[in-house]
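Trainee: File model_33.cif follows (mmCIF, C-alpha atoms (C1' of nucleotides)):
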```
data_my_file
loop_
_atom_site.label_atom_id
_atom_site.label_comp_id
_atom_site.auth_asym_id
_atom_site.auth_seq_id
_atom_site.Cartn_x
_atom_site.Cartn_y
_atom_site.Cartn_z
CA MET A 1 6.24 -26.76 -15.89
CA THR A 2 2.94 -27.04 -14.08
CA LEU A 3 1.91 -24.74 -11.27
CA ASN A 4 0.00 -25.16 -8.08
CA SER A 5 -2.95 -22.88 -7.61
CA GLU A 6 -1.20 -20.74 -5.04
CA LYS A 7 1.58 -19.88 -7.43
CA GLU A 8 -0.92 -19.34 -10.20
CA ARG A 9 -2.75 -16.83 -8.01
CA PHE A 10 0.54 -15.15 -7.15
CA ILE A 11 1.36 -14.73 -10.82
CA GLU A 12 -2.02 -13.23 -11.63
CA ASP A 13 -1.85 -10.94 -8.62
CA ASN A 14 1.53 -9.71 -9.74
CA GLY A 15 0.06 -9.07 -13.17
CA LEU A 16 -2.68 -6.95 -11.62
CA LEU A 17 -0.19 -5.07 -9.48
CA PHE A 18 1.94 -4.24 -12.49
CA GLU A 19 -1.13 -3.04 -14.30
CA LYS A 20 -1.86 -0.74 -11.38
CA LEU A 21 1.69 0.57 -11.66
CA GLY A 22 1.15 1.38 -15.31
CA VAL A 23 2.97 -1.57 -16.83
CA THR A 24 1.35 -4.40 -18.75
CA ARG A 25 -0.32 -7.27 -17.01
CA MET A 26 1.68 -9.76 -19.03
CA SER A 27 5.04 -8.37 -17.96
CA GLY A 28 3.90 -8.76 -14.36
CA ARG A 29 2.93 -12.34 -15.04
CA ILE A 30 6.28 -13.12 -16.62
CA LEU A 31 8.15 -11.65 -13.68
CA GLY A 32 5.78 -13.43 -11.32
CA TYR A 33 6.57 -16.75 -12.90
CA LEU A 34 10.29 -16.11 -12.75
CA MET A 35 9.90 -15.36 -9.05
CA VAL A 36 8.21 -18.61 -8.10
CA ALA A 37 9.27 -21.03 -10.83
CA ASP A 38 11.77 -22.86 -8.65
CA LYS A 39 14.25 -23.20 -11.45
CA GLU A 40 17.32 -21.27 -12.40
CA LYS A 41 16.33 -20.50 -15.94
CA VAL A 42 13.17 -20.40 -18.01
CA SER A 43 12.81 -20.61 -21.78
CA PHE A 44 10.69 -18.51 -24.09
CA ASN A 45 8.56 -21.50 -24.95
CA GLU A 46 7.97 -22.38 -21.34
CA LEU A 47 6.63 -18.88 -20.76
CA THR A 48 4.12 -19.15 -23.59
CA ALA A 49 3.00 -22.54 -22.30
CA VAL A 50 2.76 -21.77 -18.59
CA LEU A 51 1.17 -18.36 -19.05
CA LYS A 52 -1.01 -19.53 -21.96
CA ALA A 53 0.01 -16.46 -23.91
CA SER A 54 0.98 -15.81 -27.51
CA LYS A 55 4.56 -15.71 -28.66
CA SER A 56 4.17 -12.11 -29.70
CA SER A 57 3.00 -11.00 -26.30
CA ILE A 58 5.80 -12.87 -24.55
CA SER A 59 8.33 -11.45 -26.99
CA THR A 60 7.21 -7.86 -26.48
CA ASN A 61 6.95 -7.99 -22.73
CA LEU A 62 10.11 -9.97 -22.21
CA LYS A 63 11.93 -7.35 -24.19
CA MET A 64 10.56 -4.70 -21.88
CA LEU A 65 11.71 -6.58 -18.79
CA LEU A 66 15.15 -6.99 -20.32
CA GLN A 67 15.17 -3.31 -21.17
CA ILE A 68 14.47 -2.13 -17.64
CA GLY A 69 16.95 -4.64 -16.26
CA PHE A 70 14.75 -6.97 -14.22
CA VAL A 71 15.55 -9.94 -16.41
CA LYS A 72 18.76 -11.20 -17.99
CA PRO A 73 19.18 -13.63 -20.87
CA LEU A 74 21.21 -16.77 -20.33
CA THR A 75 22.65 -18.74 -23.19
CA LEU A 76 24.43 -22.06 -22.95
CA PRO A 77 27.04 -23.62 -25.25
CA GLY A 78 25.48 -26.16 -27.54
CA GLU A 79 22.00 -24.76 -26.96
CA ARG A 80 20.08 -22.68 -29.45
CA LYS A 81 17.52 -21.39 -27.02
CA THR A 82 17.88 -18.31 -24.95
CA TYR A 83 16.91 -18.76 -21.35
CA TYR A 84 15.81 -16.03 -19.02
CA MET A 85 16.36 -15.38 -15.34
CA LEU A 86 15.95 -12.65 -12.75
CA SER A 87 19.00 -10.39 -13.17
CA PRO A 88 21.70 -11.70 -10.83
CA ASP A 89 23.18 -8.21 -10.70
CA MET A 90 19.95 -6.22 -10.64
CA ASP A 91 20.74 -2.55 -10.12
CA TRP A 92 17.95 -1.24 -7.93
CA GLN A 93 19.52 2.15 -7.54
CA ALA A 94 19.55 2.68 -11.28
CA TYR A 95 15.95 1.56 -11.48
CA PHE A 96 14.85 4.02 -8.82
CA SER A 97 16.97 6.79 -10.29
CA GLU A 98 15.09 6.28 -13.49
CA ARG A 99 11.81 6.69 -11.65
CA LEU A 100 13.07 9.94 -10.19
CA GLU A 101 12.92 11.39 -13.69
CA MET A 102 9.14 11.63 -13.38
CA ILE A 103 9.55 13.70 -10.25
CA LYS A 104 11.92 15.98 -12.10
CA ALA A 105 9.41 16.34 -14.92
CA MET A 106 6.74 17.37 -12.42
CA ASN A 107 9.10 19.86 -10.85
CA ASN A 108 9.82 21.39 -14.24
CA MET A 109 6.12 21.89 -14.82
CA PHE A 110 5.74 23.63 -11.48
CA ARG A 111 8.60 25.95 -12.29
CA LYS A 112 7.29 26.70 -15.73
CA GLY A 113 3.83 27.33 -14.33
CA LEU A 114 5.24 29.84 -11.90
CA LYS A 115 7.14 31.55 -14.67
CA LEU A 116 4.02 31.86 -16.80
CA ARG A 117 2.08 33.61 -14.05
CA THR A 118 1.78 37.35 -13.81
CA ALA A 119 0.82 37.32 -10.14
CA LYS A 120 3.78 35.95 -8.21
CA LYS A 121 2.54 36.35 -4.68
CA ASP A 122 -1.01 35.03 -4.65
CA ASN A 123 -2.22 31.65 -3.51
CA ALA A 124 -1.45 29.82 -6.75
CA ALA A 125 2.04 31.25 -6.88
CA GLN A 126 2.67 30.22 -3.30
CA TRP A 127 1.35 26.77 -4.03
CA LEU A 128 3.73 26.45 -6.96
CA ARG A 129 6.66 27.73 -4.96
CA LYS A 130 6.02 25.27 -2.17
CA ALA A 131 5.66 22.47 -4.70
CA THR A 132 9.01 23.24 -6.30
CA GLU A 133 10.64 23.46 -2.90
CA PHE A 134 9.26 20.11 -1.86
CA TYR A 135 10.09 18.38 -5.11
CA GLY A 136 13.50 19.99 -5.07
CA PHE A 137 14.06 18.56 -1.62
CA ILE A 138 13.12 15.08 -2.82
CA ILE A 139 15.31 15.40 -5.90
CA LYS A 140 18.23 16.38 -3.71
CA GLU A 141 17.70 13.85 -0.93
CA PHE A 142 16.78 10.81 -2.89
CA PRO A 143 20.18 10.20 -4.49
CA ALA A 144 21.76 10.64 -1.07
CA MET A 145 19.43 8.01 0.26
CA LEU A 146 20.40 5.64 -2.54
CA LYS A 147 24.04 6.25 -1.78
CA ARG A 148 23.45 5.35 1.85
CA TRP A 149 21.95 2.08 0.71
CA GLU A 150 24.97 1.41 -1.45
CA GLU A 151 27.33 2.03 1.41
CA GLY A 152 25.30 -0.24 3.64
CA GLN A 153 25.68 -2.90 0.97
CA ASN A 154 29.44 -2.71 0.77
CA LYS A 155 30.52 -2.96 4.35
CA PRO A 156 28.22 -5.23 6.31
CA GLY A 157 30.02 -8.37 5.17
CA MET B 158 -11.03 33.68 -19.45
CA THR B 159 -8.98 33.56 -22.61
CA LEU B 160 -5.50 32.12 -22.75
CA ASN B 161 -2.37 32.96 -24.62
CA SER B 162 -0.87 30.16 -26.63
CA GLU B 163 2.00 29.61 -24.24
CA LYS B 164 -0.35 28.92 -21.38
CA GLU B 165 -2.49 26.77 -23.62
CA ARG B 166 0.54 24.68 -24.47
CA PHE B 167 1.47 24.45 -20.81
CA ILE B 168 -1.98 23.13 -19.96
CA GLU B 169 -1.86 20.50 -22.69
CA ASP B 170 1.65 19.48 -21.69
CA ASN B 171 0.55 19.05 -18.13
CA GLY B 172 -2.30 16.90 -19.37
CA LEU B 173 0.12 14.68 -21.23
CA LEU B 174 2.41 14.47 -18.21
CA PHE B 175 -0.44 13.39 -16.00
CA GLU B 176 -1.42 10.79 -18.53
CA LYS B 177 2.12 9.45 -18.40
CA LEU B 178 1.82 9.28 -14.64
CA GLY B 179 -1.30 7.17 -14.94
CA VAL B 180 -3.86 9.87 -14.22
CA THR B 181 -6.33 11.29 -16.71
CA ARG B 182 -5.36 13.92 -19.22
CA MET B 183 -8.27 16.11 -18.18
CA SER B 184 -7.25 16.22 -14.52
CA GLY B 185 -3.83 17.40 -15.65
CA ARG B 186 -5.44 20.09 -17.77
CA ILE B 187 -7.58 21.30 -14.90
CA LEU B 188 -4.60 21.51 -12.59
CA GLY B 189 -2.60 23.15 -15.36
CA TYR B 190 -5.20 25.85 -15.74
CA LEU B 191 -5.34 26.47 -12.01
CA MET B 192 -1.57 26.89 -12.06
CA VAL B 193 -1.45 29.59 -14.72
CA ALA B 194 -4.89 31.17 -14.56
CA ASP B 195 -3.68 34.29 -12.76
CA LYS B 196 -6.75 34.43 -10.59
CA GLU B 197 -7.44 33.31 -7.08
CA LYS B 198 -10.44 31.17 -7.83
CA VAL B 199 -11.97 29.45 -10.81
CA SER B 200 -15.53 28.31 -11.29
CA PHE B 201 -16.82 25.04 -12.68
CA ASN B 202 -18.28 26.78 -15.67
CA GLU B 203 -15.06 28.57 -16.45
CA LEU B 204 -13.29 25.21 -16.55
CA THR B 205 -15.73 23.77 -19.05
CA ALA B 206 -15.39 26.89 -21.20
CA VAL B 207 -11.62 27.33 -21.08
CA LEU B 208 -10.82 23.65 -21.47
CA LYS B 209 -13.64 23.07 -23.98
CA ALA B 210 -14.69 20.00 -22.07
CA SER B 211 -18.00 18.52 -21.03
CA LYS B 212 -19.50 19.18 -17.63
CA SER B 213 -19.33 15.48 -16.84
CA SER B 214 -15.64 15.26 -17.50
CA ILE B 215 -14.92 18.35 -15.42
CA SER B 216 -17.10 17.06 -12.63
CA THR B 217 -15.41 13.66 -12.49
CA ASN B 218 -11.86 14.93 -12.71
CA LEU B 219 -12.37 17.83 -10.36
CA LYS B 220 -13.70 15.38 -7.82
CA MET B 221 -10.54 13.34 -8.19
CA LEU B 222 -8.33 16.39 -7.67
CA LEU B 223 -10.33 17.31 -4.57
CA GLN B 224 -10.03 13.73 -3.36
CA ILE B 225 -6.23 13.62 -3.57
CA GLY B 226 -6.02 17.06 -2.02
CA PHE B 227 -4.52 19.14 -4.83
CA VAL B 228 -7.59 21.34 -5.08
CA LYS B 229 -9.88 22.92 -2.51
CA PRO B 230 -13.39 24.29 -2.97
CA LEU B 231 -14.05 27.89 -2.08
CA THR B 232 -17.54 29.18 -1.42
CA LEU B 233 -18.54 32.77 -0.84
CA PRO B 234 -21.49 34.20 1.06
CA GLY B 235 -24.22 35.31 -1.28
CA GLU B 236 -22.82 33.17 -4.11
CA ARG B 237 -24.32 29.93 -5.28
CA LYS B 238 -21.32 28.78 -7.24
CA THR B 239 -18.49 26.79 -5.85
CA TYR B 240 -15.09 28.06 -6.83
CA TYR B 241 -11.92 26.02 -6.91
CA MET B 242 -8.32 26.81 -6.10
CA LEU B 243 -5.00 25.09 -5.53
CA SER B 244 -5.09 23.84 -1.93
CA PRO B 245 -3.63 26.59 0.25
CA ASP B 246 -2.65 23.95 2.80
CA MET B 247 -1.56 21.22 0.40
CA ASP B 248 -0.05 18.35 2.37
CA TRP B 249 2.75 17.05 0.22
CA GLN B 250 3.94 14.62 2.84
CA ALA B 251 0.58 12.94 2.96
CA TYR B 252 0.52 12.76 -0.82
CA PHE B 253 3.91 11.09 -0.98
CA SER B 254 3.09 8.79 1.90
CA GLU B 255 0.16 7.61 -0.11
CA ARG B 256 2.43 6.86 -3.02
CA LEU B 257 4.65 4.83 -0.72
CA GLU B 258 1.81 2.33 -0.46
CA MET B 259 2.65 1.09 -3.95
CA ILE B 260 6.18 0.38 -2.81
CA LYS B 261 4.83 -1.55 0.12
CA ALA B 262 2.60 -3.57 -2.17
CA MET B 263 5.61 -4.47 -4.31
CA ASN B 264 7.55 -5.47 -1.24
CA ASN B 265 4.73 -7.73 -0.13
CA MET B 266 4.80 -9.47 -3.49
CA PHE B 267 8.53 -10.05 -3.20
CA ARG B 268 8.11 -11.52 0.24
CA LYS B 269 5.25 -13.72 -0.82
CA GLY B 270 7.22 -14.89 -3.84
CA LEU B 271 10.10 -15.90 -1.65
CA LYS B 272 7.77 -17.76 0.66
CA LEU B 273 6.25 -19.69 -2.25
CA ARG B 274 9.63 -20.93 -3.45
CA THR B 275 11.05 -24.30 -2.50
CA ALA B 276 14.62 -23.36 -3.34
CA LYS B 277 15.65 -20.60 -0.95
CA LYS B 278 19.27 -20.18 -1.93
CA ASP B 279 19.32 -20.05 -5.71
CA ASN B 280 19.51 -17.01 -7.94
CA ALA B 281 15.80 -16.22 -7.89
CA ALA B 282 15.67 -16.47 -4.11
CA GLN B 283 18.66 -14.19 -3.76
CA TRP B 284 17.08 -11.74 -6.16
CA LEU B 285 13.91 -11.69 -4.08
CA ARG B 286 15.83 -11.29 -0.85
CA LYS B 287 17.79 -8.37 -2.20
CA ALA B 288 14.60 -6.82 -3.52
CA THR B 289 12.89 -7.02 -0.13
CA GLU B 290 15.97 -5.60 1.56
CA PHE B 291 16.10 -2.67 -0.83
CA TYR B 292 12.40 -1.95 -0.67
CA GLY B 293 12.50 -2.35 3.10
CA PHE B 294 15.24 0.25 3.20
CA ILE B 295 13.15 2.68 1.16
CA ILE B 296 10.08 2.04 3.28
CA LYS B 297 12.09 2.77 6.40
CA GLU B 298 14.01 5.78 5.13
CA PHE B 299 11.32 7.58 3.21
CA PRO B 300 9.21 8.64 6.18
CA ALA B 301 12.38 9.86 7.89
CA MET B 302 13.10 11.93 4.84
CA LEU B 303 9.62 13.43 4.92
CA LYS B 304 10.07 14.25 8.56
CA ARG B 305 13.29 16.06 7.79
CA TRP B 306 11.41 18.15 5.28
CA GLU B 307 8.79 18.93 7.86
CA GLU B 308 11.39 20.07 10.36
CA GLY B 309 13.04 22.18 7.72
CA GLN B 310 9.67 23.84 7.16
CA ASN B 311 9.09 24.74 10.77
CA LYS B 312 12.28 26.42 11.76
CA PRO B 313 13.82 28.27 8.81
CA GLY B 314 11.85 31.43 9.42
"C1'" DC C 315 -45.51 27.89 -9.10
"C1'" DG C 316 -42.31 27.71 -13.31
"C1'" DG C 317 -37.67 28.90 -14.81
"C1'" DT C 318 -32.66 29.29 -14.17
"C1'" DT C 319 -28.36 28.09 -12.31
"C1'" DT C 320 -25.14 24.66 -10.89
"C1'" DG C 321 -23.75 20.75 -10.96
"C1'" DT C 322 -24.11 15.02 -10.92
"C1'" DT C 323 -24.91 10.62 -12.96
"C1'" DC C 324 -25.42 7.24 -16.39
"C1'" DG C 325 -25.45 5.15 -20.90
"C1'" DA C 326 -23.15 5.65 -25.40
"C1'" DT C 327 -19.09 6.54 -28.07
"C1'" DC C 328 -14.55 6.95 -29.30
"C1'" DC C 329 -9.62 6.10 -28.66
"C1'" DT C 330 -5.97 3.74 -26.97
"C1'" DT C 331 -3.45 -0.30 -26.38
"C1'" DG C 332 -2.58 -5.02 -24.94
"C1'" DC C 333 -2.90 -9.25 -26.90
"C1'" DC C 334 -3.47 -12.56 -30.66
"C1'" DG C 335 -2.56 -14.96 -35.01
"C1'" DA C 336 -0.20 -15.24 -39.05
"C1'" DA C 337 3.45 -14.11 -41.87
"C1'" DC C 338 8.20 -13.65 -41.87
"C1'" DA C 339 13.33 -14.30 -40.59
"C1'" DA C 340 17.47 -16.65 -39.31
"C1'" DA C 341 20.04 -20.36 -38.07
"C1'" DA C 342 20.68 -25.08 -37.22
"C1'" DA C 343 19.48 -29.83 -38.29
"C1'" DA C 344 18.50 -33.57 -41.36
"C1'" DT D 345 17.76 -28.30 -49.93
"C1'" DT D 346 14.04 -28.94 -47.01
"C1'" DT D 347 12.48 -28.97 -42.34
"C1'" DT D 348 12.57 -27.59 -37.57
"C1'" DT D 349 13.52 -24.59 -34.01
"C1'" DT D 350 13.39 -20.10 -32.02
"C1'" DG D 351 11.93 -16.21 -32.00
"C1'" DT D 352 10.30 -11.14 -34.20
"C1'" DT D 353 7.13 -8.14 -36.45
"C1'" DC D 354 2.94 -6.44 -38.17
"C1'" DG D 355 -2.12 -5.97 -38.96
"C1'" DG D 356 -6.30 -6.52 -36.68
"C1'" DC D 357 -9.41 -7.25 -32.97
"C1'" DA D 358 -11.37 -6.64 -28.55
"C1'" DA D 359 -11.38 -4.75 -23.83
"C1'" DG D 360 -10.93 -0.88 -20.91
"C1'" DG D 361 -11.52 3.56 -19.84
"C1'" DA D 362 -11.70 8.62 -20.70
"C1'" DT D 363 -14.80 11.76 -22.49
"C1'" DC D 364 -19.25 13.18 -24.14
"C1'" DG D 365 -24.26 14.17 -24.27
"C1'" DA D 366 -28.49 13.92 -22.26
"C1'" DA D 367 -31.35 13.15 -18.56
"C1'" DC D 368 -31.84 14.14 -13.94
"C1'" DA D 369 -31.48 16.60 -9.28
"C1'" DA D 370 -31.36 20.34 -6.08
"C1'" DA D 371 -31.35 24.86 -4.83
"C1'" DC D 372 -32.45 29.38 -5.64
"C1'" DC D 373 -35.02 33.11 -8.22
"C1'" DG D 374 -39.08 35.67 -9.98
#
```
Let me see the structure of the file written as structure tokens.

Mentor:
Amino acid sequence: MTLNSEKERFIEDNGLLFEKLGVTRMSGRILGYLMVADKEKVSFNELTAVLKASKSSISTNLKMLLQIGFVKPLTLPGERKTYYMLSPDMDWQAYFSERLEMIKAMNNMFRKGLKLRTAKKDNAAQWLRKATEFYGFIIKEFPAMLKRWEEGQNKPG
Amino acid sequence: MTLNSEKERFIEDNGLLFEKLGVTRMSGRILGYLMVADKEKVSFNELTAVLKASKSSISTNLKMLLQIGFVKPLTLPGERKTYYMLSPDMDWQAYFSERLEMIKAMNNMFRKGLKLRTAKKDNAAQWLRKATEFYGFIIKEFPAMLKRWEEGQNKPG
DNA sequence: CGGTTTGTTCGATCCTTGCCGAACAAAAAA
DNA sequence: TTTTTTGTTCGGCAAGGATCGAACAAACCG
């Protein structure tokens, strides 16, 4: 339940990285601790103690990590506590598919922008058309790429 | 230099989308206006007027859009002003390659986490290994995908 | 030279939001 | 029933950062 300074740095760095990615620092710290804790399961209380954070912050951020599927709860017979661990069956494809939604949202804006224009042949219109073509390409190819990963997972036993 | 309400809504929506993506609302508004302005070039002053924003905000955010390559300046002989337009030669591959750096940063964290662990075979270690494999796959495949796009651009005349 | 145009920069302000602490809830233990 | 454990929720505070306003800069004009 105590950490060496290298692991402590790792946890903070992961917090900063998550922040950069638009998630909260605390959720990055929680995940960071789960990555280097050298134990199968971690309790809520341990997280507040190790990360020196409030219960409310741990509660909120843990819920987010559960929500996006990085973390799974683990309960044991005869134990009241809920423990937490990195999801044994983490679905990376689903996670990335979710992220693709942002790309789709961008693409919709490009299309709508083009529709709202009167001039359909000038520089801006061409820019928008190229943008939708590129994003469309990504939106089409990305799932195929994920499928290739899946297939690679199944056979190479 | 005046906008119908549909375009106004589009611009605000684009601002909100950009905010969601971790960029500033104002940069999204600027880009939104450039998308639907129905003119080849837009001046600094016009942006402050149409978007009802301060010069400082326009200056800062325009600089960012120039920096990431979405927007290009356009100067004309005999004109003092700088005009701005959507980059005629926008390099989408470069833009997405840049975004891939975040994926690489994540992958580095996973690798470092695994290195910091004592237990190398338990659930957390397996999780980290799978994560690095998946991210490694993306990091390898994504540039190939961009190259395919590039090739598709060159031939299909 | 002074005035105007076209921006940039920097300190102040406002808004958002992550985090905290305290109150609350539920369930088990004593 | 009272106490303890294990969290959740909610109001408030403080930090960060996006935007603003004002001062400043540079280039051109008259």

Trainee: Taking (-40.5, 35.6, -10.1) in the coordinates of the supplied file, I want to know which residues reach to within 12 Å of it, counting all atoms listed in the file; could you give the answer as a count of residues only?

Mentor: 7

Trainee: Given a cut-off of 8 Å, which residues of chain A touch chain C, counting all atoms listed in the file, written out as a PyMOL selection string?

Mentor: chain A and resi 24+54+56-57

Trainee: Once you have the residues from the selection above, write them out as a PDB file, in the coordinates of the input, restricted to C-alpha atoms.

Mentor:
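Writing the result to part_18.pdb gives the following:
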```
ATOM      1  CA  THR A  24       1.350  -4.400 -18.750  1.00  0.00           C
ATOM      2  CA  SER A  54       0.980 -15.810 -27.510  1.00  0.00           C
ATOM      3  CA  SER A  56       4.170 -12.110 -29.700  1.00  0.00           C
ATOM      4  CA  SER A  57       3.000 -11.000 -26.300  1.00  0.00           C
TER       5      SER A  57
END
```

Trainee: Can you pull out the residues contacting stretch 225-242 of chain B? Cut-off 12 Å, using all atoms listed in the file, and skip same-chain residues under 2 positions away; I want them as JSON, numbers by chain.

Mentor: {"A": [122, 123, 124, 125, 126, 127, 128, 131], "B": [180, 184, 185, 187, 188, 189, 190, 191, 192, 193, 194, 195, 196, 197, 198, 199, 200, 201, 202, 203, 204, 215, 216, 218, 219, 220, 221, 222, 223, 244, 245, 246, 247, 248, 249, 250, 251, 252, 253, 254, 255, 256], "C": [319, 320, 321], "D": [370, 371, 372, 373]}

Trainee: Since we have the selection now, will you write its residues out, keeping C-alpha atoms (C1' of nucleotides), as an mmCIF file, keeping the file's coordinate frame?

Mentor:
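Below is the file selection.cif, written as the result:
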```cif
data_model
loop_
_atom_site.group_PDB
_atom_site.id
_atom_site.type_symbol
_atom_site.label_atom_id
_atom_site.label_comp_id
_atom_site.auth_asym_id
_atom_site.auth_seq_id
_atom_site.Cartn_x
_atom_site.Cartn_y
_atom_site.Cartn_z
ATOM 1 C CA ASP A 122 -1.010 35.030 -4.650
ATOM 2 C CA ASN A 123 -2.220 31.650 -3.510
ATOM 3 C CA ALA A 124 -1.450 29.820 -6.750
ATOM 4 C CA ALA A 125 2.040 31.250 -6.880
ATOM 5 C CA GLN A 126 2.670 30.220 -3.300
ATOM 6 C CA TRP A 127 1.350 26.770 -4.030
ATOM 7 C CA LEU A 128 3.730 26.450 -6.960
ATOM 8 C CA ALA A 131 5.660 22.470 -4.700
ATOM 9 C CA VAL B 180 -3.860 9.870 -14.220
ATOM 10 C CA SER B 184 -7.250 16.220 -14.520
ATOM 11 C CA GLY B 185 -3.830 17.400 -15.650
ATOM 12 C CA ILE B 187 -7.580 21.300 -14.900
ATOM 13 C CA LEU B 188 -4.600 21.510 -12.590
ATOM 14 C CA GLY B 189 -2.600 23.150 -15.360
ATOM 15 C CA TYR B 190 -5.200 25.850 -15.740
ATOM 16 C CA LEU B 191 -5.340 26.470 -12.010
ATOM 17 C CA MET B 192 -1.570 26.890 -12.060
ATOM 18 C CA VAL B 193 -1.450 29.590 -14.720
ATOM 19 C CA ALA B 194 -4.890 31.170 -14.560
ATOM 20 C CA ASP B 195 -3.680 34.290 -12.760
ATOM 21 C CA LYS B 196 -6.750 34.430 -10.590
ATOM 22 C CA GLU B 197 -7.440 33.310 -7.080
ATOM 23 C CA LYS B 198 -10.440 31.170 -7.830
ATOM 24 C CA VAL B 199 -11.970 29.450 -10.810
ATOM 25 C CA SER B 200 -15.530 28.310 -11.290
ATOM 26 C CA PHE B 201 -16.820 25.040 -12.680
ATOM 27 C CA ASN B 202 -18.280 26.780 -15.670
ATOM 28 C CA GLU B 203 -15.060 28.570 -16.450
ATOM 29 C CA LEU B 204 -13.290 25.210 -16.550
ATOM 30 C CA ILE B 215 -14.920 18.350 -15.420
ATOM 31 C CA SER B 216 -17.100 17.060 -12.630
ATOM 32 C CA ASN B 218 -11.860 14.930 -12.710
ATOM 33 C CA LEU B 219 -12.370 17.830 -10.360
ATOM 34 C CA LYS B 220 -13.700 15.380 -7.820
ATOM 35 C CA MET B 221 -10.540 13.340 -8.190
ATOM 36 C CA LEU B 222 -8.330 16.390 -7.670
ATOM 37 C CA LEU B 223 -10.330 17.310 -4.570
ATOM 38 C CA SER B 244 -5.090 23.840 -1.930
ATOM 39 C CA PRO B 245 -3.630 26.590 0.250
ATOM 40 C CA ASP B 246 -2.650 23.950 2.800
ATOM 41 C CA MET B 247 -1.560 21.220 0.400
ATOM 42 C CA ASP B 248 -0.050 18.350 2.370
ATOM 43 C CA TRP B 249 2.750 17.050 0.220
ATOM 44 C CA GLN B 250 3.940 14.620 2.840
ATOM 45 C CA ALA B 251 0.580 12.940 2.960
ATOM 46 C CA TYR B 252 0.520 12.760 -0.820
ATOM 47 C CA PHE B 253 3.910 11.090 -0.980
ATOM 48 C CA SER B 254 3.090 8.790 1.900
ATOM 49 C CA GLU B 255 0.160 7.610 -0.110
ATOM 50 C CA ARG B 256 2.430 6.860 -3.020
ATOM 51 C "C1'" DT C 319 -28.360 28.090 -12.310
ATOM 52 C "C1'" DT C 320 -25.140 24.660 -10.890
ATOM 53 C "C1'" DG C 321 -23.750 20.750 -10.960
ATOM 54 C "C1'" DA D 370 -31.360 20.340 -6.080
ATOM 55 C "C1'" DA D 371 -31.350 24.860 -4.830
ATOM 56 C "C1'" DC D 372 -32.450 29.380 -5.640
ATOM 57 C "C1'" DC D 373 -35.020 33.110 -8.220
#
```

Trainee: Any idea which chain D residues end up within 10 Å of chain A if we count all atoms listed in the file, as a list in words please?

Mentor: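 Written out as asked, the residues are DT349, DT350, DG351, DT352 and DT353 of chain D.
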
Trainee: Can you write out the residues you just picked, keeping C-alpha atoms (C1' of nucleotides), as a PDB file, in the frame of the given file?

Mentor:
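Below is the file selection31.pdb, written as the result:
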```pdb
ATOM      1  C1'  DT D 349      13.520 -24.590 -34.010  1.00  0.00           C
ATOM      2  C1'  DT D 350      13.390 -20.100 -32.020  1.00  0.00           C
ATOM      3  C1'  DG D 351      11.930 -16.210 -32.000  1.00  0.00           C
ATOM      4  C1'  DT D 352      10.300 -11.140 -34.200  1.00  0.00           C
ATOM      5  C1'  DT D 353       7.130  -8.140 -36.450  1.00  0.00           C
TER       6       DT D 353
END
```

Trainee: For each of B:Met266, B:Ala210, B:Arg186, B:Gln224, take the minimum atom-to-atom distance to chain A, counting all atoms listed in the file, then give the residue where this is smallest.

Mentor: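 Ranked by minimum distance to chain A, first place goes to B:Met266.
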
Trainee: If I take atom CA of A:Asn107 and atom CA of A:Glu133, how far is one from the other in Å, to one decimal?

Mentor: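 Between these atoms lies a distance of 8.9 Å.
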
Trainee: Work out how far atom CA of B:Lys261 is from atom CA of A:Gly152, in Å to one decimal.

Mentor: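 Distance reported for this atom pair: 20.8 Å.
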
Trainee: From the options B:Gly270, B:Val207, B:Arg305, B:Asn311, which residue's atoms come nearest to chain A, counting all atoms listed in the file?

Mentor: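 Using all atoms listed in the file, the shortest distance to chain A belongs to B:Gly270.
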
Trainee: Pick from B:Leu160, B:Leu208, B:Ile168, B:Ala276: nearest to chain A, with only C-alpha atoms counted?

Mentor: B:Ala276

Trainee: Return the single residue from B:Arg274, B:Lys297, B:Lys177, B:Arg268 that is closest to chain A, with distances computed using only C-alpha atoms.

Mentor: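 The answer is B:Arg274, which sits nearest to chain A.
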
Trainee: One decimal, Å: what's the distance from atom C1' of D:DG365 over to atom CA of B:Glu176, could you say?

Mentor: 23.8 Å

Trainee: How big is the axis-aligned box around all listed atoms of stretch 199-212 of chain B once 4 Å goes on each side, and where's its centre, in Å to one decimal, as JSON?

Mentor:
```
{"center_x": -15.2, "center_y": 24.0, "center_z": -17.4, "size_x": 16.7, "size_y": 18.9, "size_z": 21.2}
```

Trainee: Of the candidates B:Glu165, B:Glu308, B:Glu258, B:Glu298, which shows the shortest atom-to-atom distance to chain A, using all atoms listed in the file?

Mentor: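 Residue with the minimum atom-to-atom distance to chain A: B:Glu298.
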
Trainee: From the set A:Ala144, A:Thr48, A:Asn14, A:Arg9, which residue has the shortest atom-to-atom contact distance to chain B, counting all atoms listed in the file?

Mentor: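 Closest to chain B, using all atoms listed in the file: A:Asn14.
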